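Chemist: Below is one structure. I have some questions about it.
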Amino acid sequence: MTSEELRKVFLEFFEDKEHTVVKSAPLVIKDDPSLLFMSAGMVQFKPYWTGNVSLPYKRACSVQKCFRLSDLDKVGQTPFHNTFFEMLGNFSFGDYFKKEAIEWGWEFVNEVLGLPVEKLSVTVFKEDNESYDIWKKRIGFPEEKIFRLSEKTNFWGPAGNTGACGPSTELFFDLGREFGRIEDGCTIENECDRFVEIWNIVLPQFDRQKDGTDKPLKNRGIDTGMGLERTLMVCQGKKNIFETDLFQPIIKAIENEGKEISKSIIADHIRALTFTITEGIIPSNEERGYVIRRILRRAVLEGKNLGYDEPFLYKLVGDVVDRMGETYPEIKEKAEHTALVIKAEEERFLDTLDSGLSIFKEMIAGLRKEKTQTIPGNYIFKLYDTYGFPVELTEELARDADFALDIVGYEKEMQKQRERAKSATKFSGEIKGFVKGADKKSKFVGDERLSADTTIIAVKEIEKNIGIILEETPFYAEMGGQVGDTGMIKGDGLEIKIIDTHPSAYGAVHIGKLIRGTPKEGMKVTAEVDRERRMDIARNHTATHLLQWALRKVLGKHVHQEGSLVAPERLRFDFTHFSSVKGDELKHIESLVNEKILSNLPVESFETEFERAKKMGAIALFDEKYEDTVRVLKVGDFSMELCGGTHIERTGEIGLFTILSEFSIASGVRRIEALTGRNSLQYLKNFEEKEKNISQMLKVESGKIEERLKSILDDEKNLCRRIEKLEKRINAYEVQSFEPEEIKDGIQLIIKEVPSQSPEMLRNLADEVRKKWDSKTIGVFGADYNNKANIVVFVTKDLTEKINAKEIIDEISPIIKGGGGGRGEFATAGGKDISKIDEAIKASGSFIRKKLT
């Protein structure tokens, strides 16, 4: 049985038993803050058990793509652990319960898959007598093969911190004595690799609350999970999941010879990377991006074990797509994008890996000299911050070197970054608890008109402002990158200046400052949007659609939107691309957008079914959750995107489009900032005015400014070269007057503070001294340059066994509130406190004398 056949027969089996087949939800969950990634098939159905939403069906089945990091260290070490996997599941919401779930589970395993009873065992929760009796009496399963286990293994959930949970019953398959002998203590209870869990039938009866208490579920039911990879391994008679048809084509594509465990880890990780990056996750140092970066770098290290010194992971994306693209077409659509992201991250990591490993070895050697077996927290942080080593990588390297980590010290160093990452994480945005018992939701009418006579349906104080929800509103609530509208709400004796509009479960919340009157529920009012501001926003929003079209035309189809800001004064557009956009490319992109503006093409919107919109070619944000009916924005015959924002009616209304900047904001993600309409015109007027002023300052015509500036810069370079030569001659002359101090056994010390020497000239001074005294000499020189303290230290080669320049710098650089680095013969430091230069170089003398005498 192939993987495709297993998916098919599972869904058909439960469809025949009146289950609705539900497609896999994305790996990235936008509306569940308790989870970073989809971890089980039941997650998308959580609200159906709690009774918080109306039920679209009472029975469902699915093949859900999942990603878990909990088994990361076991990948390749056991026959059946992995990070990315597919979970087959059938679900009941207030419909059938234990009897049907167990009977159908046994029917599928025994009759459809043909797995023999002698190879199977069953576990139940020790207090669940009902499930035990169903297995023993109704199924006729051998009593000696039914195991009553504790809450640790047989009470499941919730997925995250809250939600449905309950007892479970599991089916295990016996892989045979070669994986462990029962007489040696290999049993189901101790999680021996011989017994692989293939199906977990969870019986959700409770709703876990935030405080840890359990309430009865409104819709008790069934949640089952059967690992596709494990079940396939058993059905195909393989010794581990990596021998199945899901993994073998990927493993065979790994050309270099080496340990199978490394190939297994790489095969698992490239599947995880392909699916997560497809959904828009980019390697980074925050949340989901950090997880992806960690497994990618882990795979690169396994590649090093196989002899790969160049990027290779990205080449395997095609093999994952070949194997799984028919089932999950989204990975085929974004294969080029995924490969480019992986390649860019591989190159970045490999650039720092060798130097980082070298630094790590130096650290270990130094710590061994100090006779300590713990790597300090600041060392761990430096490896992370400078060389991109996640703490898990340092931990693995430390383990190999027989060292422990000072994690507490590392956490202290990381605190600021972690706080920033936490504050930047956005899992929710609605204003909650706004209204009690609201029986209707505010209706948006702002596409048709910017003023509406309406009724207040809810009022709430929000910090120092007032929050209003209206029955109908022309105000657009901040969403999809577009900022919220501003304007006025007026009524009988009432006047509120609206400063922002936010979304909520009940519709747009108008946040405003009360000018006069008291707003009350049921009050009749007129809501009026700031027309001029809305038009500026609409120009910018439509321009982002033109920009995305132009980017894809010039740079390639791998370009996809990663984020945006549509404000009245400017627009910002984040997109996937893996190098800076060249100047001529930017000009071409800007020109294409302006051509479409000048063509004054129609901008039209319409609603249709989501699947139909995709078939029409409409571009959608992959990680956005869309309703069945969506709004499509069409510009001319060249741009079509799903969009709920506000827009102009013809492209000519944009007026003018000007790109201000283009730069990187993350690995594989670029940002363009631009202006439109009157803001673009004002920018060009300001530019023209500056050009006129520069022309007057340089006393040349506007057309000759560039030529004149080039001449000035050439003159400056010539002057700098002449000054540098003069400074070097002065240094050579000054050195002749230096008088070294003899410390001991002919060793000489020269300490000097020199006036206003640049760092380059300070190093030149040290070089001149070394030319004159090339043995048994130590020099320390300090200077204040541009309000910064600089220190240079040299030690002649014949003395570096006794003392070296770097340890002198490490000793004195804190005095000037700075830091430095270097090697045994030469080191430098820079600091903020110029008043302590004299103290620092004198301290170096004391340190050197003490060290040598």
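Labels for the structure tokens follow display order: chains A, B, ..., residues from 1 in each chain, ligands from 1.
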Pick out the residues sitting within 10 Å of A:Met363, and hand them over as a ChimeraX atom specification; count only C-alpha atoms, and ignore anything fewer than 6 positions along from it in its own chain.
Modeler: /A:357,369,375-376,379-380
Chemist: Apply DSSP to the backbone of this structure and, from stretch 23-228 of chain A, keep only the residues in strand (DSSP E or B); write these as a PyMOL selection string.
Modeler: chain A and resi 59-67+84-93+120-125+146-149+155-156+163-174+195-202+206-208+214-216+221-227
Chemist: Out of A:His337, A:Lys343, A:Arg449, A:Arg138, which residue has the shortest atom-to-atom distance to A:Leu555 when counting only C-alpha atoms?
Modeler: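 Nearest to A:Leu555: A:His337.
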Chemist: Mind checking which residues fall within 12 Å of A:Ser92, counting only C-alpha atoms, ignoring those fewer than 5 positions away in the same chain, and posting them as a ChimeraX atom specification?
Modeler: /A:14,17-20,42,45-46,48-49,55-61,97-98,100-101,201-205,219-224
Chemist: As JSON, numbers by chain, please: the residues near A:Asp530 (cut-off 7 Å, only C-alpha atoms, same-chain neighbours under 4 positions excluded).
Modeler: {"A": [486, 487, 534]}
Chemist: Nearest residue to A:Val566 out of A:Ala543, A:Val795, A:Ile331, A:Ala766, using only C-alpha atoms?
Modeler: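 Residue with the minimum atom-to-atom distance to A:Val566: A:Ala543.
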Chemist: Applying 8 Å and only C-alpha atoms, which residues near A:Leu598 remain after dropping the ones on its own chain fewer than 3 positions away? List them as a PyMOL selection string.
Modeler: chain A and resi 594-595+651-652+655
